[in-house]
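Okay, so here's the structure we're looking at.
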Amino acid sequence: MMSEGRKRMAAFGLACGMLFFLFPACSFQAEAKGSGKEAGEKEVTLRVCNWEEYIDLGDWDEEETIDLPSGNVIGRRSMVDDFTEWYYETYGIRVKVEYSTFGTNEDLYNMLTLGDTYDLVCPSEYMIMKLMTEDRLLPLSDGFFDTSDPNNYYINGVSPYIQSVFDNNKIEGKKWSGYAAGYMWGITGIVYNPEAVSEREASSWKILNDPAYQRQITIKDNVRDSYFAAVGAVKSELLTSREFVDNPDYLKNLEREMNDTSPETIEKVQEYLQDVKNNCYSFETDSGKADMITGKVVANYQWSGDAVYTMDQADEEDYTLAFAVPEESTNIYFDGWALLKDGIGEDAAKQHAAEAFINFNSRADNVIRNMYYIGYTSVISGGEDMRIFEYADWCYGAEEDEEEVSDYDLGYFFSKEGKEGDYVISAPTEQVYRQLFAQYPTEEAISRSSIMVCFDEGQTKAINQMWINVRCYNIHDVPGWVWALIGSAVCASAAWGLKRWAVKKFPAL
């Protein structure tokens, strides 16, 4: 049902990609349409910085309408334009949104370091932790958490599971939930061709350096994701042992092991990634999706949201791909909205507009629009509003005449206490470990997930040096004969230089 929308997204993404190549951080402005600002009328300027192609830009075709039991959903205008109109109608205040984008968490951090000023940003969990550590974030207001306010769509609709993660994770004693509101989430895993790779092989990070798939696998071209996968591979025996898995402190121990930056672990990770470099087809950020669809590779380390897109596009070509979660561990990742001190300061009107922007994007129909447009999974389950679950069923539920059907329970994500069993999708059996599994992982897969913690300056320096060694060269891996050749060349050059100096200094000799 999502294939036509995905086609439009792919075409739009290509056009945007060309623009972003020319302009690393593009921006546009939007404000409420109408008769314009009246003399003396209050107006708030809100500067938002989000990931590229990470919000609905509207302009859907009529045939893209999502018809749900609780009502149709369609994106006619951009989410930003709709927000400015809603904000004025709801609060009587005009808001002008200056919307910018970034490509990676590190890009955003560099932009902030170089002096760019924003009010509301949407980094990933480890960057949120870094900004919290540096005291650069404002806490969300008490009013944002007021469940009696019907316009507080976030707190009234966030998944109980996601909220518990945000409540239970702290940085320097401060809960994530006090400083960040979730936007999208997912896990990491392996997209694979089941005709060439078995599910068992795809269910381990060790596949990345498996010589059976030389030049047929891609890995992420960034240090944090690649480091996480490599740790899972080099510690595979420990992480999958019964003693480790059955320990009452399993999740705490898993997080510690997956974020281990001891010199011994970094050395092992470097050696492993050197092997991966020699074995893989490429290090990539975005091209892995196309390489899987065209059959250039048979397995691709991927974020679950991009995994859904990849499998959707492959289906268009009658080419079946699947998704596996490594048995050692998966990274559970979040992107979330955070308020910057440097931008908002003590401006209460600006903070209200920023929190309203979060809430507007958390309204069930807007959640569906954003999920449909960008392909990732929202942290919002909808609370009493059933439309988001209906959308999941609209995407993945079996047709009435489907014969091979399996029940897929999403209660852990959607349900509140006492409502288990209300959120079960009857899905085609072949779909269970494909798009549906990537979009909403099973509780079993989630049970072995770990976050990436925020590394301190020393840890970051150490793994960055490791990454330079892997991606460029490793001085310790240079063979002895090369050193001997270099030494001979240096000595010969020195002797020649000394001879020239002597001739020039003592011409009589």
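Just so we're on the same page: first chain in the structure tokens is A, next is B, and so on; residues restart at 1 for each chain, and ligands are numbered from 1 in the order they show up.
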Just want the 8 Å neighbourhood of A:Asp407, counted on only C-alpha atoms, with same-chain residues fewer than 6 positions away dropped. Output as JSON, numbers by chain.
{"A": [424, 425, 426, 427]}
Env of A:Gly343: 6 Å cut, atoms = only C-alpha atoms, seq-sep filter 5 positions within chain, self excluded. Answer as a VMD selection string.
chain A and resid 117 to 119
Which residues of stretch 135-196 of chain A sit at most 12 Å from stretch 432-437 of chain A, using only C-alpha atoms? Give each one's shortest atom pair and distance in Å (one decimal place), in chain and ascending residue order, as CSV.
```
residue,atom,partner,partner_atom,distance
A:Gly186,CA,A:Phe437,CA,10.7
A:Ile187,CA,A:Phe437,CA,10.4
A:Thr188,CA,A:Phe437,CA,11.7
A:Gly189,CA,A:Phe437,CA,10.9
A:Ile190,CA,A:Arg434,CA,11.0
A:Val191,CA,A:Arg434,CA,9.0
A:Tyr192,CA,A:Arg434,CA,10.1
A:Asn193,CA,A:Arg434,CA,11.2
A:Pro194,CA,A:Arg434,CA,10.8
```
Quick one: residues within 10 Å of stretch 379-391 of chain A, only C-alpha atoms counted, chain neighbours fewer than 3 positions away excluded, as a PyMOL selection string?
chain A and resi 66-73+153-163+181-186+334-336+361-368+371-372+376+394-397+410+413-416+422-425
Where does stretch 303-343 of chain A meet stretch 245-255 of chain A within 12 Å, residue by residue, with the nearest atom pair and distance in Å to one decimal for each, counting only C-alpha atoms, listed by chain and rising number, as a Markdown table?
```
| residue | atom | partner | partner_atom | distance |
| --- | --- | --- | --- | --- |
| A:Glu327 | CA | A:Val245 | CA | 10.7 |
| A:Glu328 | CA | A:Leu254 | CA | 9.2 |
| A:Ser329 | CA | A:Leu254 | CA | 7.9 |
| A:Thr330 | CA | A:Leu254 | CA | 10.2 |
| A:Asn331 | CA | A:Glu255 | CA | 9.6 |
| A:Ile332 | CA | A:Glu255 | CA | 10.9 |
```
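In this structure, atom CA of A:Arg242 sits 25.9 Å away from atom CA of A:Tyr301.
One distance worth recording is that between atom CA of A:Ser100 and atom CA of A:Gly115, which is 14.3 Å.
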Near stretch 44-59 of chain A, within 8 Å and counting only C-alpha atoms, which residues show up once chain neighbours fewer than 2 positions away are dropped, as a ChimeraX atom specification?
/A:13,16,42,61,75-80,93-104,117-123,349-350,353-354,369-370,373-374
Can you spit out the residues from that selection as a compact mmCIF listing (two decimals), in the first residue's frame, using C-alpha atoms?
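As written to disk, part.txt reads:
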```txt
# COMPACT_ATOMS: atom_id res chain seq x y z
CA GLY A 13 14.95 12.38 -2.37
CA CYS A 16 16.83 17.02 -2.71
CA LYS A 42 2.60 39.64 18.11
CA ASP A 61 -1.51 12.88 -4.85
CA GLY A 75 -0.60 15.64 3.30
CA ARG A 76 -1.70 18.52 1.10
CA ARG A 77 0.72 21.17 2.41
CA SER A 78 3.99 20.97 4.25
CA MET A 79 3.90 20.13 7.93
CA VAL A 80 5.59 23.45 8.67
CA ILE A 93 -0.17 34.17 17.81
CA ARG A 94 1.58 34.20 14.45
CA VAL A 95 4.76 32.19 14.16
CA LYS A 96 7.39 32.31 11.45
CA VAL A 97 9.37 29.08 11.17
CA GLU A 98 12.91 29.24 9.84
CA TYR A 99 13.50 25.60 8.97
CA SER A 100 17.02 24.24 8.33
CA THR A 101 18.50 20.77 7.90
CA PHE A 102 21.63 18.79 8.72
CA GLY A 103 23.08 15.53 7.44
CA THR A 104 24.67 13.89 10.50
CA THR A 117 21.78 29.54 16.32
CA TYR A 118 18.61 27.46 16.56
CA ASP A 119 15.76 27.14 19.01
CA LEU A 120 14.71 23.56 18.38
CA VAL A 121 16.88 20.72 17.06
CA CYS A 122 16.38 16.99 16.49
CA PRO A 123 19.62 15.04 17.13
CA ALA A 349 6.90 32.82 23.89
CA LYS A 350 9.59 31.15 21.82
CA ALA A 353 6.08 27.83 20.12
CA ALA A 354 8.88 25.23 20.14
CA ARG A 369 1.95 11.75 7.58
CA ASN A 370 5.55 11.93 8.78
CA TYR A 373 6.65 10.37 4.05
CA ILE A 374 10.01 9.47 5.59
```
Enumerate the residues of stretch 299-417 of chain A with a DSSP assignment of alpha helix (DSSP H), computed from the backbone, and present them as an NGL selection string.
:A and (304-316 or 341-344 or 348-361 or 364-374 or 387-396 or 411-414)
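For the residues A:Ile358, A:Ala338, A:Ala307, A:Val231, ranking by smallest atom-to-atom distance to A:Asp260 using only C-alpha atoms places A:Val231 first.
Relative to atom CA of A:Val325, atom CA of A:Asn259 is found at 18.3 Å.
Nearest to A:Tyr319 of all the residues A:Phe166, A:Glu267, A:Glu195, A:Thr377 is A:Glu195, counting only C-alpha atoms.
Ranking A:Thr285, A:Ser378, A:Gln270, A:Gln465 by their shortest atom-to-atom distance to A:Tyr333, with only C-alpha atoms included, puts A:Ser378 first.
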Taking only stretch 205-376 of chain A into account, list the residues labelled strand (DSSP E) by DSSP (computed from the backbone), as a PyMOL selection string.
chain A and resi 217-220+282-284+299-303+322-324+330-340
Go ahead and write the selection's residues with N, CA, C and O atoms as a compact mmCIF listing (two decimals), in the first residue's frame.
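New file part_24.txt:
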```
# COMPACT_ATOMS: atom_id res chain seq x y z
N ILE A 217 29.11 -7.34 0.94
CA ILE A 217 28.47 -6.78 2.14
C ILE A 217 28.90 -5.33 2.30
O ILE A 217 30.04 -4.97 2.01
N THR A 218 27.99 -4.48 2.77
CA THR A 218 28.34 -3.09 3.06
C THR A 218 28.21 -2.81 4.55
O THR A 218 27.42 -3.46 5.25
N ILE A 219 28.96 -1.83 5.01
CA ILE A 219 28.95 -1.43 6.42
C ILE A 219 28.86 0.08 6.48
O ILE A 219 29.22 0.78 5.52
N LYS A 220 28.40 0.60 7.60
CA LYS A 220 28.19 2.04 7.74
C LYS A 220 29.52 2.82 7.78
O LYS A 220 30.48 2.40 8.42
N SER A 282 31.81 -2.04 0.42
CA SER A 282 32.07 -0.61 0.64
C SER A 282 31.65 -0.19 2.04
O SER A 282 30.85 -0.87 2.69
N PHE A 283 32.23 0.91 2.48
CA PHE A 283 31.70 1.66 3.61
C PHE A 283 30.73 2.66 3.00
O PHE A 283 31.08 3.35 2.04
N GLU A 284 29.52 2.77 3.53
CA GLU A 284 28.53 3.64 2.90
C GLU A 284 27.63 4.30 3.93
O GLU A 284 27.54 3.85 5.08
N ALA A 299 24.10 -8.45 1.52
CA ALA A 299 23.79 -8.08 2.91
C ALA A 299 24.26 -6.66 3.16
O ALA A 299 25.29 -6.23 2.63
N ASN A 300 23.50 -5.94 4.00
CA ASN A 300 23.76 -4.52 4.22
C ASN A 300 23.43 -4.17 5.67
O ASN A 300 22.32 -4.42 6.14
N TYR A 301 24.42 -3.64 6.40
CA TYR A 301 24.20 -3.15 7.76
C TYR A 301 23.31 -1.92 7.66
O TYR A 301 23.66 -0.95 7.00
N GLN A 302 22.14 -1.95 8.33
CA GLN A 302 21.18 -0.90 8.07
C GLN A 302 20.38 -0.50 9.31
O GLN A 302 20.16 -1.30 10.22
N TRP A 303 19.96 0.77 9.32
CA TRP A 303 18.98 1.23 10.30
C TRP A 303 17.62 0.72 9.86
O TRP A 303 17.32 0.61 8.66
N ALA A 322 15.01 -9.50 3.21
CA ALA A 322 14.53 -9.70 4.58
C ALA A 322 15.41 -8.92 5.56
O ALA A 322 16.44 -8.35 5.17
N PHE A 323 15.01 -8.91 6.83
CA PHE A 323 15.71 -8.14 7.86
C PHE A 323 15.97 -9.03 9.07
O PHE A 323 15.07 -9.74 9.53
N ALA A 324 17.19 -9.01 9.57
CA ALA A 324 17.56 -9.80 10.74
C ALA A 324 18.19 -8.92 11.81
O ALA A 324 18.87 -7.94 11.48
N THR A 330 21.48 -5.38 19.41
CA THR A 330 21.12 -4.38 18.42
C THR A 330 21.13 -3.02 19.10
O THR A 330 20.88 -2.91 20.30
N ASN A 331 21.45 -2.01 18.32
CA ASN A 331 21.40 -0.65 18.85
C ASN A 331 19.98 -0.12 18.72
O ASN A 331 19.41 -0.11 17.64
N ILE A 332 19.39 0.29 19.83
CA ILE A 332 18.10 0.96 19.77
C ILE A 332 18.40 2.46 19.76
O ILE A 332 19.08 2.98 20.64
N TYR A 333 17.95 3.12 18.70
CA TYR A 333 18.30 4.52 18.52
C TYR A 333 17.05 5.39 18.54
O TYR A 333 15.94 4.94 18.28
N PHE A 334 17.26 6.64 18.89
CA PHE A 334 16.17 7.62 18.94
C PHE A 334 16.64 8.93 18.34
O PHE A 334 17.80 9.32 18.52
N ASP A 335 15.76 9.60 17.66
CA ASP A 335 15.96 11.00 17.32
C ASP A 335 14.90 11.77 18.11
O ASP A 335 13.74 11.36 18.17
N GLY A 336 15.30 12.88 18.72
CA GLY A 336 14.35 13.60 19.57
C GLY A 336 14.52 15.10 19.51
O GLY A 336 15.60 15.62 19.20
N TRP A 337 13.44 15.79 19.81
CA TRP A 337 13.43 17.25 19.82
C TRP A 337 14.03 17.77 21.12
O TRP A 337 13.70 17.28 22.20
N ALA A 338 14.88 18.77 21.00
CA ALA A 338 15.50 19.37 22.18
C ALA A 338 15.59 20.89 22.00
O ALA A 338 15.82 21.38 20.89
N LEU A 339 15.41 21.61 23.10
CA LEU A 339 15.42 23.08 23.09
C LEU A 339 16.81 23.59 23.46
O LEU A 339 17.37 23.18 24.48
N LEU A 340 17.35 24.47 22.63
CA LEU A 340 18.69 24.99 22.86
C LEU A 340 18.66 26.28 23.68
O LEU A 340 17.91 27.21 23.37
```
